[in-house]
Amino acid sequence: MSADLAHIRQVMEEADCLFDEATVEAAISQMAAKINAELAERNPVVFCVMNGGLIISGKLVSQLNFPLELSYLHATRYRNETTGGELFWKAKPEISFIDREVLIIDDILDEGHTLAAIIEFCKHAGASAVHTAVLVDKQHDRKARPDLKADYVGLECEDRYIFGYGMDYKGYWRNAAGIFALKGH
Ligand SMILES: O=P(O)(O)OC[C@H]1O[C@H](OP(=O)(O)OP(=O)(O)O)[C@H](O)[C@@H]1O
Ligand code: HPA
């Protein structure tokens, strides 16, 4: 069924901007500086977690100043909904990373089931270390594991459904140049 575009537009009109473009870009640059300082000599294989990780991955890797290999994987549990379900692998990594360090880039660490499963998968598949970078870490006490943290975090946000910078509302607004919170959520 096609989305109701009038509704999709209204959602943006009513949304609260949590972080404007300049703030998000500054956060991405800070992440890049830290990754450059810590991973430049590690020859990591970098994986973008599709679809949400697309924008942050592109903006982040272009600020990394060392040679790296870039690929993607796709694991999803929200499927255009605002609450998560069972994790479904749409595409597993194709590039080999046995005995290599891996850097996973995603848009958001929410409950963390997605990131935890990807970390586990990469370790089982032979990665010598798994580093993780997320643009946003949502603050609440529903994490898959209480100690689950990403190594590189751009921003922390309140416990609301957010979109923009790769994150979608019903498949839309991944392109929004800012991070917005849905009215009433
Ligand atoms: O921390 P969690 O609660 O597991 O949620 C985070 C994950 O959810 C979103 O992906 P989604 O399942 O929406 O797939 P998509 O990126 O293709 O939209 C997001 O891009 C993260 O990968
Ligand atoms: O708040 C969110 N917004 C968009 N996608 C998401 N995936 C998990 N949480 C979110």
# chains A, B, ... in the order shown; residues from 1 in each chain; ligands from 1
call {"tool": "residues_near_ligand", "arguments": {"ligand": "ligand 1", "cutoff": "8 Å", "atoms": "only C-alpha atoms and all ligand atoms", "output": "VMD selection string"}}
result
chain A and resid 49 to 53 74 to 81 83 to 84 87 106 to 116 143 166 to 168 171
call {"tool": "write_last_selection", "arguments": {"atoms": "N, CA and C atoms", "output": "tab-separated table (two decimals), in the first residue's frame"}}
result
chain	number	residue	atom	x	y	z
A	49	VAL	N	25.41	-0.36	7.96
A	49	VAL	CA	24.19	-1.14	8.21
A	49	VAL	C	23.04	-0.45	7.45
A	50	MET	N	22.64	-1.07	6.37
A	50	MET	CA	21.55	-0.53	5.56
A	50	MET	C	20.23	-0.74	6.27
A	51	ASN	N	19.19	0.08	6.01
A	51	ASN	CA	19.24	1.28	5.21
A	51	ASN	C	19.64	2.52	6.04
A	52	GLY	N	19.32	2.44	7.32
A	52	GLY	CA	19.48	3.62	8.16
A	52	GLY	C	20.90	4.16	8.22
A	53	GLY	N	21.90	3.27	8.07
A	53	GLY	CA	23.28	3.69	8.20
A	53	GLY	C	23.84	4.39	6.98
A	74	HIS	N	22.69	-5.74	5.75
A	74	HIS	CA	21.34	-5.23	6.01
A	74	HIS	C	20.61	-6.17	6.97
A	75	ALA	N	20.41	-5.68	8.18
A	75	ALA	CA	19.61	-6.40	9.17
A	75	ALA	C	18.51	-5.43	9.59
A	76	THR	N	17.29	-5.90	9.67
A	76	THR	CA	16.19	-4.99	9.98
A	76	THR	C	15.23	-5.63	10.98
A	77	ARG	N	14.68	-4.79	11.86
A	77	ARG	CA	13.65	-5.30	12.79
A	77	ARG	C	12.49	-4.33	12.96
A	78	TYR	N	12.52	-3.20	12.25
A	78	TYR	CA	11.42	-2.23	12.38
A	78	TYR	C	10.51	-2.25	11.14
A	79	ARG	N	11.11	-2.53	9.98
A	79	ARG	CA	10.33	-2.67	8.74
A	79	ARG	C	9.27	-1.59	8.57
A	80	ASN	N	9.70	-0.34	8.62
A	80	ASN	CA	8.83	0.82	8.43
A	80	ASN	C	7.79	1.02	9.53
A	81	GLU	N	7.96	0.32	10.66
A	81	GLU	CA	7.09	0.56	11.81
A	81	GLU	C	7.87	1.37	12.85
A	83	THR	N	7.89	0.48	16.10
A	83	THR	CA	8.35	-0.42	17.16
A	83	THR	C	9.03	-1.63	16.51
A	84	GLY	N	10.05	-2.14	17.18
A	84	GLY	CA	10.85	-3.21	16.59
A	84	GLY	C	10.28	-4.60	16.84
A	87	LEU	N	14.55	-9.76	14.47
A	87	LEU	CA	15.59	-9.32	13.53
A	87	LEU	C	15.59	-10.21	12.28
A	106	ASP	N	26.09	2.51	12.07
A	106	ASP	CA	24.63	2.53	11.96
A	106	ASP	C	24.12	3.90	12.42
A	107	ASP	N	22.85	4.14	12.10
A	107	ASP	CA	22.27	5.44	12.47
A	107	ASP	C	21.95	5.52	13.96
A	108	ILE	N	21.30	4.46	14.49
A	108	ILE	CA	20.80	4.59	15.87
A	108	ILE	C	20.98	3.30	16.67
A	109	LEU	N	21.39	3.49	17.91
A	109	LEU	CA	21.35	2.42	18.90
A	109	LEU	C	20.12	2.71	19.75
A	110	ASP	N	19.07	1.93	19.51
A	110	ASP	CA	17.84	2.14	20.27
A	110	ASP	C	17.78	1.05	21.34
A	111	GLU	N	17.05	-0.04	21.11
A	111	GLU	CA	17.06	-1.12	22.11
A	111	GLU	C	18.34	-1.96	21.98
A	112	GLY	N	18.98	-1.86	20.85
A	112	GLY	CA	20.28	-2.49	20.68
A	112	GLY	C	20.26	-3.93	20.21
A	113	HIS	N	19.08	-4.47	19.94
A	113	HIS	CA	19.02	-5.86	19.46
A	113	HIS	C	19.76	-5.99	18.12
A	114	THR	N	19.62	-4.98	17.28
A	114	THR	CA	20.25	-5.03	15.96
A	114	THR	C	21.77	-5.04	16.10
A	115	LEU	N	22.30	-4.08	16.85
A	115	LEU	CA	23.75	-3.98	16.98
A	115	LEU	C	24.31	-5.21	17.69
A	116	ALA	N	23.63	-5.68	18.72
A	116	ALA	CA	24.11	-6.86	19.45
A	116	ALA	C	24.19	-8.07	18.52
A	143	LYS	N	17.55	-1.33	26.94
A	143	LYS	CA	18.61	-1.88	26.08
A	143	LYS	C	18.61	-3.41	26.16
A	166	GLY	N	19.11	9.53	7.83
A	166	GLY	CA	19.11	8.08	7.62
A	166	GLY	C	17.96	7.37	8.31
A	167	MET	N	17.46	7.96	9.39
A	167	MET	CA	16.36	7.31	10.15
A	167	MET	C	15.02	7.68	9.51
A	168	ASP	N	14.15	6.67	9.42
A	168	ASP	CA	12.91	6.88	8.67
A	168	ASP	C	11.69	6.99	9.56
A	171	GLY	N	9.36	4.74	6.30
A	171	GLY	CA	10.13	4.66	5.06
A	171	GLY	C	10.52	6.01	4.50
call {"tool": "residues_around", "arguments": {"residues": "Val45 of chain A", "least_positions_apart": "3", "cutoff": "7 Å", "atoms": "only C-alpha atoms", "output": "ChimeraX atom specification"}}
result
/A:68-70,97,101-103
call {"tool": "atom_distance", "arguments": {"atom1": "atom CA of Ser71 of chain A", "atom2": "atom CA of Ala133 of chain A"}}
result
14.7 Å
call {"tool": "atom_distance", "arguments": {"atom1": "atom CA of Gly126 of chain A", "atom2": "atom CA of Asp99 of chain A"}}
result
5.8 Å
call {"tool": "residues_around", "arguments": {"residues": "Phe19 of chain A", "least_positions_apart": "2", "cutoff": "7 Å", "atoms": "only C-alpha atoms", "output": "JSON, numbers by chain"}}
result
{"A": [17, 21, 23, 24, 178, 179]}
call {"tool": "residues_around", "arguments": {"residues": "Leu182 of chain A", "least_positions_apart": "6", "cutoff": "12 Å", "atoms": "only C-alpha atoms", "output": "PyMOL selection string"}}
result
chain A and resi 8-18+82+158-164+167-170+173
call {"tool": "write_last_selection", "arguments": {"atoms": "N, CA and C atoms", "output": "PDB file, in the first residue's frame"}}
result
ATOM      1  N   ILE A   8       2.647  12.084   5.659  1.00  0.00           N
ATOM      2  CA  ILE A   8       4.111  12.111   5.795  1.00  0.00           C
ATOM      3  C   ILE A   8       4.612  13.561   5.892  1.00  0.00           C
ATOM      4  N   ARG A   9       4.039  14.452   5.074  1.00  0.00           N
ATOM      5  CA  ARG A   9       4.430  15.873   5.120  1.00  0.00           C
ATOM      6  C   ARG A   9       3.997  16.518   6.445  1.00  0.00           C
ATOM      7  N   GLN A  10       2.823  16.143   6.902  1.00  0.00           N
ATOM      8  CA  GLN A  10       2.302  16.726   8.148  1.00  0.00           C
ATOM      9  C   GLN A  10       3.169  16.328   9.347  1.00  0.00           C
ATOM     10  N   VAL A  11       3.652  15.086   9.308  1.00  0.00           N
ATOM     11  CA  VAL A  11       4.523  14.598  10.385  1.00  0.00           C
ATOM     12  C   VAL A  11       5.739  15.504  10.530  1.00  0.00           C
ATOM     13  N   MET A  12       6.314  15.911   9.412  1.00  0.00           N
ATOM     14  CA  MET A  12       7.477  16.812   9.473  1.00  0.00           C
ATOM     15  C   MET A  12       7.074  18.193   9.982  1.00  0.00           C
ATOM     16  N   GLU A  13       5.927  18.681   9.526  1.00  0.00           N
ATOM     17  CA  GLU A  13       5.485  20.010   9.970  1.00  0.00           C
ATOM     18  C   GLU A  13       5.290  20.050  11.484  1.00  0.00           C
ATOM     19  N   GLU A  14       4.839  18.943  12.043  1.00  0.00           N
ATOM     20  CA  GLU A  14       4.526  18.911  13.477  1.00  0.00           C
ATOM     21  C   GLU A  14       5.685  18.418  14.348  1.00  0.00           C
ATOM     22  N   ALA A  15       6.757  17.964  13.700  1.00  0.00           N
ATOM     23  CA  ALA A  15       7.860  17.345  14.458  1.00  0.00           C
ATOM     24  C   ALA A  15       8.668  18.389  15.226  1.00  0.00           C
ATOM     25  N   ASP A  16       9.346  17.948  16.264  1.00  0.00           N
ATOM     26  CA  ASP A  16      10.281  18.814  16.993  1.00  0.00           C
ATOM     27  C   ASP A  16      11.684  18.538  16.473  1.00  0.00           C
ATOM     28  N   CYS A  17      12.417  19.590  16.139  1.00  0.00           N
ATOM     29  CA  CYS A  17      13.810  19.417  15.717  1.00  0.00           C
ATOM     30  C   CYS A  17      14.659  19.259  16.980  1.00  0.00           C
ATOM     31  N   LEU A  18      15.270  18.079  17.134  1.00  0.00           N
ATOM     32  CA  LEU A  18      16.123  17.843  18.309  1.00  0.00           C
ATOM     33  C   LEU A  18      17.550  18.321  18.050  1.00  0.00           C
ATOM     34  N   THR A  82       7.171   1.853  13.880  1.00  0.00           N
ATOM     35  CA  THR A  82       7.863   2.626  14.909  1.00  0.00           C
ATOM     36  C   THR A  82       8.203   1.785  16.145  1.00  0.00           C
ATOM     37  N   GLU A 158      16.704  11.887  23.611  1.00  0.00           N
ATOM     38  CA  GLU A 158      15.661  11.461  24.553  1.00  0.00           C
ATOM     39  C   GLU A 158      14.874  10.297  23.965  1.00  0.00           C
ATOM     40  N   ASP A 159      14.043   9.714  24.781  1.00  0.00           N
ATOM     41  CA  ASP A 159      13.322   8.485  24.430  1.00  0.00           C
ATOM     42  C   ASP A 159      12.062   8.803  23.602  1.00  0.00           C
ATOM     43  N   ARG A 160      12.308   9.227  22.348  1.00  0.00           N
ATOM     44  CA  ARG A 160      11.191   9.507  21.445  1.00  0.00           C
ATOM     45  C   ARG A 160      11.505   8.885  20.092  1.00  0.00           C
ATOM     46  N   TYR A 161      10.506   8.670  19.264  1.00  0.00           N
ATOM     47  CA  TYR A 161      10.768   8.155  17.919  1.00  0.00           C
ATOM     48  C   TYR A 161      11.325   9.291  17.066  1.00  0.00           C
ATOM     49  N   ILE A 162      12.490   9.057  16.473  1.00  0.00           N
ATOM     50  CA  ILE A 162      13.165  10.126  15.727  1.00  0.00           C
ATOM     51  C   ILE A 162      13.360   9.735  14.264  1.00  0.00           C
ATOM     52  N   PHE A 163      13.541  10.756  13.443  1.00  0.00           N
ATOM     53  CA  PHE A 163      13.811  10.507  12.019  1.00  0.00           C
ATOM     54  C   PHE A 163      14.707  11.615  11.472  1.00  0.00           C
ATOM     55  N   GLY A 164      15.249  11.334  10.269  1.00  0.00           N
ATOM     56  CA  GLY A 164      16.208  12.241   9.636  1.00  0.00           C
ATOM     57  C   GLY A 164      17.598  11.636   9.681  1.00  0.00           C
ATOM     58  N   MET A 167      17.458   7.965   9.393  1.00  0.00           N
ATOM     59  CA  MET A 167      16.363   7.313  10.147  1.00  0.00           C
ATOM     60  C   MET A 167      15.025   7.678   9.506  1.00  0.00           C
ATOM     61  N   ASP A 168      14.153   6.675   9.425  1.00  0.00           N
ATOM     62  CA  ASP A 168      12.913   6.883   8.670  1.00  0.00           C
ATOM     63  C   ASP A 168      11.689   6.992   9.560  1.00  0.00           C
ATOM     64  N   TYR A 169      10.693   7.661   8.988  1.00  0.00           N
ATOM     65  CA  TYR A 169       9.332   7.535   9.509  1.00  0.00           C
ATOM     66  C   TYR A 169       8.521   6.862   8.398  1.00  0.00           C
ATOM     67  N   LYS A 170       8.083   5.640   8.640  1.00  0.00           N
ATOM     68  CA  LYS A 170       7.341   4.851   7.644  1.00  0.00           C
ATOM     69  C   LYS A 170       8.034   4.847   6.283  1.00  0.00           C
ATOM     70  N   TRP A 173      11.592  10.362   4.924  1.00  0.00           N
ATOM     71  CA  TRP A 173      12.346  11.379   5.652  1.00  0.00           C
ATOM     72  C   TRP A 173      13.731  10.940   6.099  1.00  0.00           C
TER      73      TRP A 173
END
call {"tool": "residues_around", "arguments": {"residues": "Ile119 of chain A", "least_positions_apart": "4", "cutoff": "9 Å", "atoms": "only C-alpha atoms", "output": "list in words"}}
result
Ile104, Thr114, Leu115, Lys123, His124, Val130, His131 and Thr132 of chain A
call {"tool": "atom_distance", "arguments": {"atom1": "atom CA of Asp137 of chain A", "atom2": "atom CA of Glu25 of chain A"}}
result
15.8 Å
call {"tool": "select_by_dssp", "arguments": {"residues": "chain A", "states": "strand (DSSP E or B)", "output": "ChimeraX atom specification"}}
result
/A:16-20,45-50,69-76,88-91,101-109,129-138,152-157,162-164,167,169,172,178-181
call {"tool": "select_by_dssp", "arguments": {"residues": "chain A", "states": "helix (DSSP H, G or I)", "output": "count of residues only"}}
result
49
call {"tool": "closest_residue", "arguments": {"among": "A:Lys183, A:Arg100, A:Lys59, A:Arg42", "to": "Leu135 of chain A", "atoms": "only C-alpha atoms"}}
result
A:Lys59
call {"tool": "closest_residue", "arguments": {"among": "A:Ala150, A:Ile105, A:Phe121, A:Glu156", "to": "Lys138 of chain A", "atoms": "only C-alpha atoms"}}
result
A:Glu156
